[in-house]
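Raw run-v1.cif, mmCIF, C-alpha atoms:
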data_target
loop_
_atom_site.label_atom_id
_atom_site.label_comp_id
_atom_site.auth_asym_id
_atom_site.auth_seq_id
_atom_site.Cartn_x
_atom_site.Cartn_y
_atom_site.Cartn_z
CA MET A 4 -5.03 3.08 27.59
CA ALA A 5 -3.04 5.47 25.46
CA THR A 6 -0.08 5.28 27.85
CA MET A 7 -0.63 1.66 28.90
CA PHE A 8 0.25 0.05 25.56
CA SER A 9 3.04 0.66 23.11
CA PRO A 10 2.28 0.76 20.25
CA PRO A 11 -1.26 1.98 20.95
CA LEU A 12 -4.05 -0.60 20.73
CA HIS A 13 -5.49 0.67 17.44
CA ARG A 14 -2.10 0.28 15.77
CA GLN A 15 -1.74 -3.21 17.18
CA ARG A 16 -5.14 -4.12 15.74
CA HIS A 17 -4.17 -2.75 12.35
CA GLN A 18 -0.85 -4.57 12.41
CA PHE A 19 -2.65 -7.81 13.27
CA VAL A 20 -4.69 -7.49 10.07
CA ILE A 21 -1.66 -6.49 7.99
CA ASP A 22 0.30 -9.51 9.23
CA TYR A 23 -2.65 -11.76 8.37
CA VAL A 24 -2.79 -10.30 4.86
CA LYS A 25 0.93 -10.88 4.37
CA ARG A 26 0.60 -14.53 5.39
CA ASN A 27 -2.63 -15.43 3.61
CA LYS A 28 -2.60 -13.07 0.60
CA PRO A 29 -6.34 -12.48 0.11
CA LYS A 30 -7.26 -11.01 -3.27
CA LYS A 31 -10.63 -9.55 -2.26
CA MET A 32 -11.04 -7.85 1.11
CA VAL A 33 -13.66 -5.66 2.77
CA ASP A 34 -13.12 -3.56 5.90
CA LEU A 35 -16.42 -3.07 7.73
CA GLY A 36 -16.45 0.14 9.74
CA CYS A 37 -13.60 1.70 7.71
CA ASN A 38 -14.37 5.18 9.14
CA LYS A 39 -11.34 7.38 8.31
CA CYS A 40 -9.89 4.66 6.05
CA THR A 41 -6.78 4.47 8.23
CA LEU A 42 -6.38 0.71 7.89
CA MET A 43 -7.16 0.82 4.15
CA LYS A 44 -4.46 3.44 3.58
CA LYS A 45 -1.96 0.93 4.96
CA LEU A 46 -3.41 -2.06 3.12
CA LYS A 47 -3.26 -0.40 -0.31
CA PHE A 48 0.51 -0.93 -0.33
CA HIS A 49 0.03 -4.70 -0.03
CA ARG A 50 -0.60 -5.65 -3.62
CA GLU A 51 -1.68 -9.16 -2.77
CA ILE A 52 -5.07 -7.46 -2.62
CA GLU A 53 -6.76 -6.78 -5.95
CA LEU A 54 -10.12 -5.49 -4.65
CA LEU A 55 -10.15 -3.46 -1.42
CA VAL A 56 -13.56 -2.32 -0.18
CA GLY A 57 -14.52 -0.19 2.80
CA VAL A 58 -17.98 0.18 4.34
CA ASP A 59 -19.14 2.61 7.02
CA ILE A 60 -22.47 4.08 8.03
CA ASP A 61 -20.90 7.55 8.36
CA GLY A 62 -20.79 8.81 4.77
CA ALA A 63 -19.54 12.29 5.72
CA THR A 64 -16.41 10.85 7.33
CA ILE A 65 -15.74 8.65 4.31
CA LYS A 66 -16.01 11.63 1.94
CA LYS A 67 -13.63 13.64 4.11
CA HIS A 68 -10.88 11.01 4.06
CA MET A 69 -11.44 8.96 0.89
CA HIS A 70 -9.02 10.89 -1.32
CA GLY A 71 -6.14 9.63 0.78
CA LEU A 72 -6.66 6.31 -1.01
CA ALA A 73 -5.97 7.78 -4.45
CA PRO A 74 -2.87 6.70 -6.43
CA ILE A 75 0.20 8.88 -6.02
CA ALA A 76 2.45 10.19 -8.80
CA THR A 77 4.83 7.22 -8.76
CA ASP A 78 1.89 4.84 -9.32
CA TYR A 79 1.41 6.50 -12.70
CA LEU A 80 5.09 7.01 -13.53
CA LYS A 81 6.03 3.43 -12.67
CA PRO A 82 2.88 1.29 -12.73
CA SER A 83 3.20 -2.25 -11.44
CA TYR A 84 1.86 -5.44 -12.95
CA ASP A 85 -0.42 -5.87 -9.94
CA GLN A 86 -4.03 -4.75 -10.05
CA LEU A 87 -5.77 -2.76 -7.32
CA HIS A 88 -9.34 -1.48 -7.31
CA ILE A 89 -10.65 0.42 -4.27
CA GLU A 90 -14.31 1.06 -3.46
CA LEU A 91 -15.96 2.85 -0.54
CA TYR A 92 -19.61 2.42 0.40
CA GLN A 93 -21.96 4.06 2.86
CA GLY A 94 -24.12 1.45 4.53
CA SER A 95 -24.95 -0.60 7.60
CA VAL A 96 -23.52 -4.03 8.35
CA THR A 97 -27.01 -5.15 9.29
CA GLN A 98 -28.09 -4.79 5.65
CA GLU A 99 -27.31 -7.08 2.72
CA ASP A 100 -25.56 -5.99 -0.47
CA ALA A 101 -24.76 -8.46 -3.24
CA ARG A 102 -21.55 -6.64 -4.20
CA LEU A 103 -19.92 -7.83 -0.98
CA ARG A 104 -20.52 -11.55 -1.40
CA GLY A 105 -17.76 -14.13 -1.83
CA PHE A 106 -14.80 -12.12 -0.51
CA ASP A 107 -11.61 -13.73 0.73
CA LEU A 108 -11.42 -11.66 3.92
CA VAL A 109 -13.80 -9.49 5.94
CA THR A 110 -12.46 -7.46 8.85
CA GLY A 111 -14.33 -5.81 11.70
CA ILE A 112 -11.67 -4.10 13.79
CA GLU A 113 -13.16 -2.24 16.74
CA LEU A 114 -12.44 1.49 16.66
CA GLN A 115 -13.72 3.81 19.37
CA VAL A 116 -14.97 6.33 16.81
CA SER A 117 -16.89 3.78 14.77
CA ARG A 118 -20.61 3.21 15.08
CA VAL A 119 -20.66 -0.01 13.12
CA PHE A 120 -19.29 -2.86 15.13
CA VAL A 121 -20.38 -5.46 17.55
CA GLU A 122 -20.08 -3.39 20.73
CA HIS A 123 -21.76 -0.43 18.96
CA LEU A 124 -24.81 -2.52 18.03
CA THR A 125 -27.76 -3.58 20.09
CA LEU A 126 -27.92 -7.29 20.88
CA ALA A 127 -30.74 -7.66 18.34
CA ASP A 128 -28.56 -6.02 15.67
CA VAL A 129 -25.70 -8.38 16.55
CA GLU A 130 -27.86 -11.29 15.42
CA ARG A 131 -28.59 -9.52 12.16
CA PHE A 132 -24.90 -8.65 11.75
CA SER A 133 -23.98 -12.32 12.17
CA ALA A 134 -26.54 -13.38 9.57
CA VAL A 135 -25.37 -10.78 7.04
CA VAL A 136 -21.62 -11.35 7.41
CA PHE A 137 -21.47 -15.11 7.95
CA GLY A 138 -24.71 -16.26 6.36
CA TYR A 139 -25.09 -13.90 3.38
CA MET A 140 -21.61 -12.59 2.54
CA THR A 141 -19.99 -15.98 3.38
CA PRO A 142 -16.35 -14.86 3.10
CA MET A 143 -13.45 -17.29 3.33
CA SER A 144 -12.18 -15.62 6.53
CA VAL A 145 -13.46 -13.05 9.02
CA ILE A 146 -11.50 -11.13 11.66
CA ILE A 147 -13.63 -9.63 14.44
CA SER A 148 -12.26 -7.71 17.41
CA THR A 149 -14.08 -6.28 20.42
CA PRO A 150 -13.15 -4.93 23.87
CA ASN A 151 -12.61 -7.52 26.59
CA ALA A 152 -14.74 -6.54 29.56
CA ASP A 153 -12.65 -8.76 31.87
CA PHE A 154 -9.67 -6.48 31.24
CA ASN A 155 -11.49 -3.32 32.29
CA ALA A 156 -10.49 -3.87 35.93
CA LEU A 157 -6.92 -2.92 34.97
CA LEU A 158 -7.94 0.34 33.28
CA ARG A 159 -7.59 2.96 35.99
CA GLY A 160 -10.28 5.61 36.11
CA LEU A 161 -12.65 3.67 33.84
CA ARG A 162 -16.29 3.65 34.90
CA GLY A 163 -18.78 1.81 32.78
CA PHE A 164 -17.88 1.07 29.16
CA ARG A 165 -14.73 2.21 27.36
CA ASN A 166 -16.76 4.37 24.99
CA SER A 167 -20.03 6.17 25.59
CA ASP A 168 -21.42 4.80 22.31
CA HIS A 169 -20.91 1.17 23.31
CA LYS A 170 -24.17 -0.68 23.87
CA PHE A 171 -22.39 -3.51 25.72
CA GLU A 172 -18.93 -5.04 26.17
CA TRP A 173 -18.40 -8.78 26.19
CA THR A 174 -16.39 -10.80 28.66
CA GLN A 175 -14.16 -13.52 27.22
CA ALA A 176 -16.82 -16.14 27.95
CA GLU A 177 -19.56 -14.10 26.25
CA PHE A 178 -17.44 -13.45 23.16
CA ARG A 179 -16.56 -17.13 22.88
CA SER A 180 -20.20 -18.10 23.29
CA TRP A 181 -21.26 -15.79 20.44
CA ALA A 182 -18.40 -16.96 18.21
CA MET A 183 -19.13 -20.66 18.75
CA LYS A 184 -22.80 -20.08 17.97
CA VAL A 185 -21.85 -18.37 14.70
CA CYS A 186 -19.62 -21.30 13.78
CA LEU A 187 -22.37 -23.83 14.40
CA GLU A 188 -25.03 -21.88 12.51
CA TYR A 189 -23.02 -20.82 9.47
CA GLY A 190 -20.26 -23.40 9.05
CA TYR A 191 -17.10 -21.76 10.36
CA GLU A 192 -14.30 -22.55 12.78
CA VAL A 193 -12.66 -19.92 14.99
CA GLU A 194 -9.32 -19.15 16.62
CA PHE A 195 -9.19 -16.84 19.63
CA THR A 196 -6.37 -14.39 20.19
CA GLY A 197 -5.98 -10.67 20.86
CA VAL A 198 -3.74 -7.63 21.32
CA GLY A 199 -2.82 -5.63 24.41
CA GLN A 200 -1.31 -8.08 26.85
CA PRO A 201 -1.86 -7.82 30.62
CA PRO A 202 0.85 -8.55 33.19
CA ALA A 203 2.07 -12.13 32.75
CA SER A 204 0.52 -13.25 36.03
CA LEU A 205 -2.95 -12.19 34.82
CA GLN A 206 -2.79 -13.45 31.23
CA GLU A 207 -4.80 -16.62 31.83
CA THR A 208 -7.53 -14.97 33.88
CA LEU A 209 -7.97 -11.59 32.19
CA GLY A 210 -6.82 -12.29 28.62
CA PHE A 211 -6.05 -9.56 26.09
CA CYS A 212 -7.33 -6.00 26.32
CA THR A 213 -8.83 -6.42 22.83
CA GLN A 214 -10.07 -9.91 22.08
CA ILE A 215 -9.99 -11.16 18.49
CA GLY A 216 -11.72 -14.01 16.74
CA VAL A 217 -10.36 -15.27 13.43
CA PHE A 218 -13.03 -17.26 11.61
CA HIS A 219 -12.38 -19.65 8.68
CA ARG A 220 -15.06 -21.01 6.39
CA LEU A 221 -15.41 -24.80 6.56
CA GLY A 222 -15.06 -26.29 3.11
CA GLY A 223 -13.14 -23.31 1.75
CA LYS A 224 -14.41 -21.74 -1.46
CA ASP A 225 -16.86 -24.59 -2.00
CA GLY A 226 -18.91 -23.26 0.88
CA CYS A 227 -18.93 -19.64 -0.24
CA ASN A 228 -21.79 -17.83 -1.94
CA MET A 229 -20.04 -16.36 -4.95
CA PRO A 230 -21.58 -13.23 -6.51
CA GLY A 231 -23.72 -14.03 -9.49
CA ASN A 232 -26.55 -12.68 -11.59
CA GLU A 233 -29.29 -13.22 -9.03
CA THR A 234 -32.56 -11.75 -10.18
CA ASN A 235 -33.36 -10.65 -6.62
CA ALA A 236 -29.91 -9.26 -5.81
CA VAL A 237 -29.96 -6.53 -3.17
CA PHE A 238 -27.87 -3.36 -3.51
CA SER A 239 -28.53 -1.40 -0.33
CA TYR A 240 -25.18 0.43 -0.06
CA THR A 241 -24.33 3.76 -1.69
CA LEU A 242 -21.07 3.85 -3.65
CA LEU A 243 -19.10 6.95 -2.62
CA TYR A 244 -15.69 6.33 -4.16
CA SER A 245 -14.13 4.06 -6.77
CA ILE A 246 -10.60 4.12 -8.18
CA HIS A 247 -8.56 1.80 -10.36
CA TYR A 248 -4.81 1.93 -9.80
CA PRO A 249 -2.70 2.00 -12.99
CA SER A 250 -1.56 -1.50 -13.94
CA LEU A 251 0.49 -3.01 -16.73
CA ARG A 252 -2.38 -5.46 -17.25
CA ASP A 253 -4.30 -2.54 -18.74
CA ASN A 254 -3.39 -2.54 -22.45
CA ASN A 255 -3.62 1.26 -22.71
CA ILE A 256 -1.21 1.76 -19.81
CA LEU A 257 1.08 -1.01 -21.09
CA HIS A 258 1.17 0.67 -24.52
CA ARG A 259 2.00 4.04 -22.96
CA VAL A 260 4.76 2.53 -20.82
CA LEU A 261 6.27 0.66 -23.79
CA VAL A 262 6.24 3.79 -25.95
CA SER A 263 7.87 5.76 -23.13
CA GLU A 264 10.55 3.09 -22.73
CA VAL A 265 11.28 3.04 -26.49
CA VAL A 266 11.52 6.83 -26.61
CA TYR A 267 13.76 6.86 -23.53
CA TRP A 268 16.22 4.31 -24.89
CA ALA A 269 16.19 5.85 -28.38
CA GLU A 270 17.07 9.21 -26.85
CA LYS A 271 19.76 7.59 -24.70
CA ILE A 272 21.34 5.85 -27.73
CA LYS A 273 21.16 9.06 -29.78
CA ASN A 274 22.86 11.06 -27.02
CA GLY A 275 25.58 8.41 -26.79
CA TRP A 276 26.27 8.58 -30.52
CA MET A 277 26.28 12.40 -30.44
CA GLU A 278 28.81 12.45 -27.62
CA LYS A 279 31.01 9.94 -29.47
CA LEU A 280 30.79 11.98 -32.68
CA GLU A 281 31.70 15.20 -30.86
CA ARG A 282 34.75 13.55 -29.29
CA SER A 283 35.80 12.18 -32.69
CA ASN A 284 35.47 15.60 -34.37
CA ALA A 285 37.41 17.29 -31.58
CA LEU A 286 40.23 14.75 -31.91
CA THR A 287 40.39 15.21 -35.69
CA LEU A 288 40.53 19.00 -35.30
CA CYS A 289 43.39 18.77 -32.80
CA GLN A 290 45.35 16.52 -35.13
CA SER A 291 44.77 18.88 -38.09
CA GLU A 292 45.92 21.92 -36.09
CA GLY A 293 49.07 20.07 -34.99
CA GLU A 294 50.03 19.11 -38.56
CA GLY A 295 49.41 22.70 -39.76
CA ALA A 296 51.78 24.13 -37.12
CA SER A 297 54.58 21.71 -38.14
CA ASP A 298 54.24 22.68 -41.82
CA GLN A 299 54.38 26.37 -40.95
CA GLU A 300 57.61 25.96 -38.92
CA GLU A 301 59.26 24.04 -41.77
CA GLU A 302 58.30 26.80 -44.27
CA VAL A 303 59.88 29.50 -42.07
CA ASP A 304 63.16 27.55 -41.81
CA ASN A 305 63.33 27.19 -45.58
CA ASP A 306 62.84 30.94 -46.09
CA LEU A 307 65.68 31.70 -43.71
CA GLU A 308 68.05 29.38 -45.53
CA ASP A 309 67.19 30.95 -48.88
CA SER A 310 67.90 34.45 -47.54
CA GLY A 311 71.49 33.53 -46.51
CA CYS A 312 70.97 34.88 -43.02
CA PRO A 313 73.91 33.91 -40.72
CA GLY A 314 72.88 31.38 -38.15
CA ALA A 315 69.76 30.57 -40.05
CA THR A 316 70.54 26.91 -39.68
CA GLN A 317 72.00 27.25 -36.24
CA SER A 318 70.01 27.44 -33.09
CA PRO A 319 70.45 30.75 -31.22
CA LEU A 320 71.18 28.75 -28.09
CA SER A 321 74.28 27.22 -29.72
CA VAL A 322 75.90 30.53 -30.95
CA GLU A 323 79.40 31.12 -29.43
CA PRO A 324 79.98 34.65 -28.07
CA GLU A 325 82.45 36.83 -30.07
CA GLU A 326 85.33 38.65 -28.40
CA ASP A 327 84.28 42.25 -29.37
CA TRP A 328 80.97 41.74 -27.48
CA GLU A 329 82.79 42.18 -24.31
#

Rewrite the structure of this file - the entire thing - as structure tokens.
Amino acid sequence: MATMFSPPLHRQRHQFVIDYVKRNKPKKMVDLGCNKCTLMKKLKFHREIELLVGVDIDGATIKKHMHGLAPIATDYLKPSYDQLHIELYQGSVTQEDARLRGFDLVTGIELQVSRVFVEHLTLADVERFSAVVFGYMTPMSVIISTPNADFNALLRGLRGFRNSDHKFEWTQAEFRSWAMKVCLEYGYEVEFTGVGQPPASLQETLGFCTQIGVFHRLGGKDGCNMPGNETNAVFSYTLLYSIHYPSLRDNNILHRVLVSEVVYWAEKIKNGWMEKLERSNALTLCQSEGEGASDQEEEVDNDLEDSGCPGATQSPLSVEPEEDWE
């Protein structure tokens, strides 16, 4: 598959999510099965998002790659007005956690190295996954991708599933059946699409290499379970990483930026005045030296006249030669 698609499938899946974020501008987003945080590292530059959360069952992998989500130097030197808070949790998508309720967007983009998503779960866990994501978290939108088993016939050399960790792989009909059941049970509607196109002649029969379902909550925010102060709230995930990006909405950062701007412009104005003063002093000095030289020449001429020296008042260049010089 690496040579069959350009760009590679995982990049096409990531770009699908990025394009969705650009169009719909979710403020709160969670990436289930974030693994190496590759998608999150791209999403952090899209400041439509104010809270970006990643969840994966593999805590060791998260710890290895989480620092790539930290702000860089320019984020501190030139903070923006936008806010961004990033959190990473270790946990299973078959477990509930109240901190993930009421998000604008939840993504589950199938990665071969992940052990979180639909094809990596048993069929019993898939039911629990559906209940947690659609019934408990109740986000505004959900993007789920999974391998299309119908497409496997085109993958030369493939025997069995695409990854040894996959518990099953759905055909287009099976994926649609699961998605429609979710919609009926939890109040969503779904659009089917995908990435990794087959030859044009096989598009209708085989579909995309990776099939994608984009779910939208019926009733919008009115149908969402917003996080609250539930007395029985469940917190089953372990927080591994949390970072606030510098923002001008933070009064301390705004004060620091304003002070820096005032100091910068004060220094700039001072340097401008100093340069102007130096030019003025240099011009005055030149004028003074010129007037002094003229006075000195006039004094010499007067001394020569007083001494009675021949030709004192006549320029040497105008003296006529005398005959005895020859």

Exercise for the section: Mind giving me the straight-line distance from CA of Gly62 (chain A) to CA of Pro11 (chain A) in Å, one decimal? Expected result: 26.3 Å

Practice task
Pick out the closest residue to Glu53 (chain A) from this set: A:Asp34, A:Asp22, A:Asp107, A:Glu99. Count only C-alpha atoms.
Solution key: A:Asp107

Problem - Nearest to Ser180 (chain A) by atom-to-atom distance, counting only C-alpha atoms, from A:Phe195, A:Met143, A:Leu243, A:Lys44 - result: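 Closest to Ser180 (chain A), using only C-alpha atoms: A:Phe195.
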
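Among the candidates A:Ala236, A:Val96, A:Ile112, A:Ile246, the one nearest to Asp128 (chain A) when counting only C-alpha atoms is A:Val96.
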
Practice task
Record the distance separating CA of Val58 (chain A) and CA of Arg131 (chain A), expressed in Å with one decimal.
Solution key: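 Separating CA of Val58 (chain A) from CA of Arg131 (chain A) is a distance of 16.4 Å.
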
Exercise for the section: Starting from the shown file, work through the PyMOL selection byres ((chain A and resi 48) around 12) and note down what comes out as a PyMOL selection string. Expected result: chain A and resi 21+24-25+42-47+49-53+55+72-75+78+83+85-87+89+248

Practice task
Please identify all polymer residues within 8 Å of Gly199 (chain A), counting all atoms listed in the file, omitting same-chain residues fewer than 4 positions from it, and present them as JSON, numbers by chain.
Solution key: {"A": [8, 12, 15, 211, 212, 213]}

Take the residues that were just selected and, keeping C-alpha atoms, output them as a short mmCIF file (atom, residue, chain, number, x, y, z; two decimals), in the coordinates of the input.
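So part_3.cif came out as:
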data_model
loop_
_atom_site.label_atom_id
_atom_site.label_comp_id
_atom_site.auth_asym_id
_atom_site.auth_seq_id
_atom_site.Cartn_x
_atom_site.Cartn_y
_atom_site.Cartn_z
CA PHE A 8 0.25 0.05 25.56
CA LEU A 12 -4.05 -0.60 20.73
CA GLN A 15 -1.74 -3.21 17.18
CA PHE A 211 -6.05 -9.56 26.09
CA CYS A 212 -7.33 -6.00 26.32
CA THR A 213 -8.83 -6.42 22.83
#

Exercise for the section: Would you kindly return, as a VMD selection string, each protein, DNA or RNA residue with an atom no farther than 9 Å from any atom of Glu188 (chain A), considering only C-alpha atoms and excluding same-chain residues fewer than 3 positions away? Expected result: chain A and resid 137 to 138 183 to 185 191

Practice task
Taking the file above as input, evaluate the PyMOL selection byres ((chain A and resi 201) around 12) and report the hits as a list in words.
Solution key: Met4, Met7, Phe8, Asn151, Asp153, Phe154, Asn155, Ala156, Leu157, Leu158, Gly197, Val198, Gly199, Gln200, Pro202, Ala203, Ser204, Leu205, Gln206, Glu207, Thr208, Leu209, Gly210, Phe211, Cys212 and Thr213 of chain A

Handout entry: Shell of 8 Å around Leu35 (chain A), only C-alpha atoms, local chain residues under 6 positions omitted, as a PyMOL selection string
Key = chain A and resi 57-59+96+109-112+119-120

Using C-alpha atoms, can you write the selected residues to a file as a tab-separated table (two decimals), in the frame of the given file?
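Generated output (out.tsv):
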chain	number	residue	atom	x	y	z
A	57	GLY	CA	-14.52	-0.19	2.80
A	58	VAL	CA	-17.98	0.18	4.34
A	59	ASP	CA	-19.14	2.61	7.02
A	96	VAL	CA	-23.52	-4.03	8.35
A	109	VAL	CA	-13.80	-9.49	5.94
A	110	THR	CA	-12.46	-7.46	8.85
A	111	GLY	CA	-14.33	-5.81	11.70
A	112	ILE	CA	-11.67	-4.10	13.79
A	119	VAL	CA	-20.66	-0.01	13.12
A	120	PHE	CA	-19.29	-2.86	15.13

Handout entry: Hits from the PyMOL selection byres ((chain A and resi 65) around 12), listed as a PyMOL selection string
Key = chain A and resi 36-41+43+57-64+66-72+90-94+117+241-244

Exercise for the section: Find the distance between CA of Ala152 (chain A) and CA of Glu194 (chain A) and write it in Å to one decimal. Expected result: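 These atoms are spaced 18.9 Å apart.
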
Shell of 10 Å around His219 (chain A), only C-alpha atoms, local chain residues under 6 positions omitted, as a PDB file with C-alpha atoms, keeping the file's coordinate frame:
ATOM      1  CA  ASP A 107     -11.610 -13.730   0.730  1.00  0.00           C
ATOM      2  CA  LEU A 108     -11.420 -11.660   3.920  1.00  0.00           C
ATOM      3  CA  THR A 141     -19.990 -15.980   3.380  1.00  0.00           C
ATOM      4  CA  PRO A 142     -16.350 -14.860   3.100  1.00  0.00           C
ATOM      5  CA  MET A 143     -13.450 -17.290   3.330  1.00  0.00           C
ATOM      6  CA  SER A 144     -12.180 -15.620   6.530  1.00  0.00           C
ATOM      7  CA  VAL A 145     -13.460 -13.050   9.020  1.00  0.00           C
ATOM      8  CA  ILE A 146     -11.500 -11.130  11.660  1.00  0.00           C
ATOM      9  CA  CYS A 186     -19.620 -21.300  13.780  1.00  0.00           C
ATOM     10  CA  GLY A 190     -20.260 -23.400   9.050  1.00  0.00           C
ATOM     11  CA  TYR A 191     -17.100 -21.760  10.360  1.00  0.00           C
ATOM     12  CA  GLU A 192     -14.300 -22.550  12.780  1.00  0.00           C
ATOM     13  CA  VAL A 193     -12.660 -19.920  14.990  1.00  0.00           C
ATOM     14  CA  GLU A 194      -9.320 -19.150  16.620  1.00  0.00           C
TER      15      GLU A 194
END

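Comparing A:Ala285, A:Ala127, A:Leu54, A:Ile147 by their smallest distance to Gly216 (chain A), the closest is A:Ile147 (using only C-alpha atoms).
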